[in-house]
Amino acid sequence: MVLKLRELLIKQAAIHLHNFSSESCQCLTATQRERILRWLASHDCLSLNLIPSIRQNLLSIPLYSLEFYKCNQLTNDMLIEFAEASHFSRLKSLIIHQCTQVKDSGILAITKGQLSLEYVALRKLTNLTSAGLDGIHSAFLKEIDFRWNDKIQDNGILTIVSNNLNLRTIRLVNCHSLTGQCVVYIAQNTAEKLEILDIEGLKCLDNEVFVHLVDYCPNIRSLNLFGIINLDADGLFTLFVRSTRMVVLNLSYTTCFLQEPVSDYICCLPLSLVDLCLSGTQVYNTNILIRALTRLVNLQHLRLNGLATITDDALDKILSVIGSRLKTLEMNGYITVGILTDRSVEHIVRYCSSLEQLSLNLLSFTSTLDSLYDLFSSSKRALQLHTISLSSFRNINERVLWCLAENCLNIKLLELSGIPCVSDALISSLKHCTKLTHLNIKGCKQITDISICDLLGVCQFISLVLSGCYQLTDKSVLAMAHTQPFLEEIYISGCIRISPATVRYLQDSTIRRLYIDHKIPNALPDALMARNLDTGLFEQVR
């Protein structure tokens, strides 16, 4: 896979933007101008000297989307300059993520007068406070995403929901200054229009909050309460009983079901649920969990990571009732509990005939996963699978992995980290899985450039986790630079034969900003690997 001509032209236009006249840019469409500006931001090419060219050549016609992702060069002054462009009032989408210099004044400038906004994401902005949200006012705004903003307070959320009465989706993940009062404001102002609420990380929710949600928001269908330890049990019971349209619910790491009689409340989960996550949730006993799950007749996606109350026999009883409907099953992290064996895997294979996503990371150090051979050898069931995670199975039967590689041709995400028998031959055989976009083979020490380069020629990767594959050299990274323009993250820590200079070259070759994790001890920052013409091997240039 190589850059299309369109993307090459976008890159060249961005690099030479300061040399163009306004007349020469008239042929550029709004979408092309948006891509040029995104490329500049993603490759740290924004500067105050370039702002006049951006205003003259890119902002001379209305743009509909702006995205600044981890751009530390973006400043308030730049946003103010953009906002003062004559045609800058038609934005539908605005994304500013982890731009450390952006403050309230810049957000106020860029959002003021944007009456057509439909989506606003202001994430990880350490200097953003509630005052910076005053300018967001659009009758078309459907979704806001303010995750990881520690200085936004309840009054800022009140301003947002008061000025934008058509909000459907609100994401406030890990905004640590917020309290349950913000949920009351949301419920009162969005009412029946609210459909998705993500408030992961709030400190506590009392009964009043849940009463407001069910009274004002009858159409809510997705609720994320991940990590909210102090949940009022009576409030949850009210939510379960009265939320008849709830489809997605995340109750991970809650402890309110540990004591009787409150533990029985989990048996009142909404029957409408399609997607349920109970990862790390503590339940009083196994029988209660069995009763709670077997009554959910519409359940298709189930995540039960690290539950102390799950046993082989309990899983048999649960999956015998709901297994045939499940499309997603996650059961990660049971090595710390130490109560699941290969029998659990046999139950999964026997009952779960419609699986599309299967994740068993850290299920057991002793499991061989022999029964998965029956799953992967069935062509119909193997072709349904698009996500498989089997990390840290030290004793896995290698025949299972070969069956996976040969038959799971529609797989998009594959995790095999920490499996000693993963070899070049096995990874090379994945070249038939042309839809593969995410690969994690961390710590697979047999892997060399041969298998990685085989895959790079046929797969279009978004994420590669290769940390600990210490035999990899610059050959693989250079191949990525020429074949993987859409790569967004790469993990290569411990790969001591990969030089920082080559990694920087890869970073310049991708379309979007590339996240790189490359920690190696005592590396020379400008060292470079090159082919030794005598041996044909890649070696460090000295």
# chains A, B, ... in the order shown; residues from 1 in each chain; ligands from 1

$ residues_around --residues "Pro485 (chain A)" --least-positions-apart "2" --cutoff "10 Å" --atoms "only C-alpha atoms" --output "list in words"
Met1, Val2, Leu3, Lys4, Glu7, Gln460, Phe461, Ile462, Met480, Ala481, His482, Thr483, Leu487, Glu488, Leu506, Gln507, Asp508, Ser509, Thr510, Ile511, Arg512 and Leu514 of chain A

$ select_by_dssp --residues "region 226-450 of chain A" --states "helix (DSSP H, G or I)" --output "NGL selection string"
:A and (233-242 or 262-268 or 286-294 or 312-325 or 342-351 or 372-377 or 379-384 or 398-407 or 424-432 or 449-450)

$ residues_around --residues "region 79-86 of chain A" --least-positions-apart "5" --cutoff "9 Å" --atoms "only C-alpha atoms" --output "count of residues only"
19

$ select_by_dssp --residues "region 144-305 of chain A" --states "strand (DSSP E or B)" --output "PyMOL selection string"
chain A and resi 144-145+169-171+196-198+204-205+222-224+230-231+248-250+257+275-277+283+301-303

$ closest_residue --among "A:Val211, A:Ile152, A:Val120, A:Leu158" --to "Asp234 (chain A)" --atoms "only C-alpha atoms"
A:Val211

$ decode --residues "region 95-137 of chain A" --atoms "N, CA and C atoms" --output "compact mmCIF listing (two decimals), in the first residue's frame"
# COMPACT_ATOMS: atom_id res chain seq x y z
N ILE A 95 -12.57 19.68 16.24
CA ILE A 95 -11.83 18.77 17.12
C ILE A 95 -10.52 19.44 17.52
N ILE A 96 -10.33 19.64 18.82
CA ILE A 96 -9.06 20.14 19.36
C ILE A 96 -8.67 19.20 20.49
N HIS A 97 -7.62 18.42 20.26
CA HIS A 97 -7.23 17.36 21.19
C HIS A 97 -5.80 17.57 21.68
N GLN A 98 -5.65 17.73 22.99
CA GLN A 98 -4.36 17.80 23.65
C GLN A 98 -3.43 18.81 22.98
N CYS A 99 -3.90 20.03 22.82
CA CYS A 99 -3.09 21.13 22.33
C CYS A 99 -2.76 22.01 23.53
N THR A 100 -1.55 21.91 24.03
CA THR A 100 -1.21 22.41 25.36
C THR A 100 -1.26 23.92 25.50
N GLN A 101 -1.15 24.65 24.39
CA GLN A 101 -1.12 26.11 24.48
C GLN A 101 -2.50 26.75 24.34
N VAL A 102 -3.50 25.97 24.06
CA VAL A 102 -4.84 26.52 23.83
C VAL A 102 -5.50 26.82 25.17
N LYS A 103 -6.09 28.01 25.26
CA LYS A 103 -6.78 28.44 26.47
C LYS A 103 -8.20 28.90 26.13
N ASP A 104 -8.88 29.44 27.13
CA ASP A 104 -10.28 29.84 26.97
C ASP A 104 -10.48 30.84 25.83
N SER A 105 -9.59 31.83 25.72
CA SER A 105 -9.79 32.87 24.72
C SER A 105 -9.76 32.31 23.30
N GLY A 106 -8.90 31.32 23.07
CA GLY A 106 -8.84 30.72 21.74
C GLY A 106 -10.09 29.92 21.43
N ILE A 107 -10.59 29.15 22.41
CA ILE A 107 -11.82 28.38 22.20
C ILE A 107 -13.00 29.31 21.99
N LEU A 108 -13.07 30.39 22.76
CA LEU A 108 -14.16 31.35 22.58
C LEU A 108 -14.15 31.94 21.18
N ALA A 109 -12.95 32.25 20.68
CA ALA A 109 -12.84 32.86 19.36
C ALA A 109 -13.26 31.90 18.25
N ILE A 110 -12.80 30.66 18.35
CA ILE A 110 -13.03 29.71 17.26
C ILE A 110 -14.48 29.21 17.23
N THR A 111 -15.18 29.31 18.38
CA THR A 111 -16.57 28.81 18.43
C THR A 111 -17.62 29.91 18.30
N LYS A 112 -17.23 31.15 18.52
CA LYS A 112 -18.20 32.24 18.46
C LYS A 112 -18.79 32.39 17.06
N GLY A 113 -20.09 32.43 16.99
CA GLY A 113 -20.78 32.62 15.71
C GLY A 113 -20.87 31.38 14.85
N GLN A 114 -20.41 30.24 15.34
CA GLN A 114 -20.49 28.99 14.57
C GLN A 114 -21.85 28.35 14.83
N LEU A 115 -22.84 28.79 14.08
CA LEU A 115 -24.22 28.39 14.32
C LEU A 115 -24.59 27.07 13.66
N SER A 116 -23.66 26.47 12.92
CA SER A 116 -23.95 25.22 12.22
C SER A 116 -23.25 24.01 12.84
N LEU A 117 -22.60 24.20 13.96
CA LEU A 117 -21.85 23.10 14.58
C LEU A 117 -22.75 21.92 14.90
N GLU A 118 -22.26 20.72 14.53
CA GLU A 118 -22.96 19.47 14.84
C GLU A 118 -22.17 18.60 15.81
N TYR A 119 -20.84 18.77 15.81
CA TYR A 119 -19.97 17.94 16.66
C TYR A 119 -18.82 18.79 17.17
N VAL A 120 -18.61 18.77 18.49
CA VAL A 120 -17.51 19.50 19.11
C VAL A 120 -16.76 18.56 20.05
N ALA A 121 -15.45 18.41 19.83
CA ALA A 121 -14.60 17.60 20.70
C ALA A 121 -13.46 18.48 21.20
N LEU A 122 -13.46 18.78 22.49
CA LEU A 122 -12.40 19.54 23.14
C LEU A 122 -11.83 18.63 24.23
N ARG A 123 -10.75 17.92 23.90
CA ARG A 123 -10.26 16.86 24.77
C ARG A 123 -8.85 17.16 25.28
N LYS A 124 -8.63 16.83 26.55
CA LYS A 124 -7.31 16.94 27.17
C LYS A 124 -6.71 18.34 27.00
N LEU A 125 -7.51 19.35 27.24
CA LEU A 125 -7.03 20.74 27.18
C LEU A 125 -6.83 21.22 28.61
N THR A 126 -5.59 21.22 29.06
CA THR A 126 -5.28 21.46 30.47
C THR A 126 -5.64 22.87 30.92
N ASN A 127 -5.76 23.81 29.98
CA ASN A 127 -6.04 25.20 30.35
C ASN A 127 -7.49 25.60 30.09
N LEU A 128 -8.32 24.67 29.66
CA LEU A 128 -9.71 25.00 29.36
C LEU A 128 -10.55 24.97 30.64
N THR A 129 -11.29 26.07 30.87
CA THR A 129 -12.19 26.14 32.01
C THR A 129 -13.62 26.29 31.52
N SER A 130 -14.54 26.39 32.43
CA SER A 130 -15.95 26.54 32.07
C SER A 130 -16.19 27.81 31.25
N ALA A 131 -15.39 28.86 31.50
CA ALA A 131 -15.57 30.12 30.78
C ALA A 131 -15.34 29.96 29.28
N GLY A 132 -14.51 29.00 28.88
CA GLY A 132 -14.21 28.82 27.47
C GLY A 132 -15.35 28.20 26.67
N LEU A 133 -16.39 27.74 27.36
CA LEU A 133 -17.50 27.06 26.67
C LEU A 133 -18.65 28.00 26.33
N ASP A 134 -18.53 29.27 26.73
CA ASP A 134 -19.65 30.20 26.56
C ASP A 134 -20.01 30.46 25.10
N GLY A 135 -19.04 30.30 24.19
CA GLY A 135 -19.29 30.62 22.79
C GLY A 135 -19.95 29.52 21.99
N ILE A 136 -20.10 28.33 22.55
CA ILE A 136 -20.67 27.21 21.82
C ILE A 136 -22.20 27.32 21.87
N HIS A 137 -22.77 27.62 20.72
CA HIS A 137 -24.22 27.87 20.67
C HIS A 137 -24.72 27.50 19.27
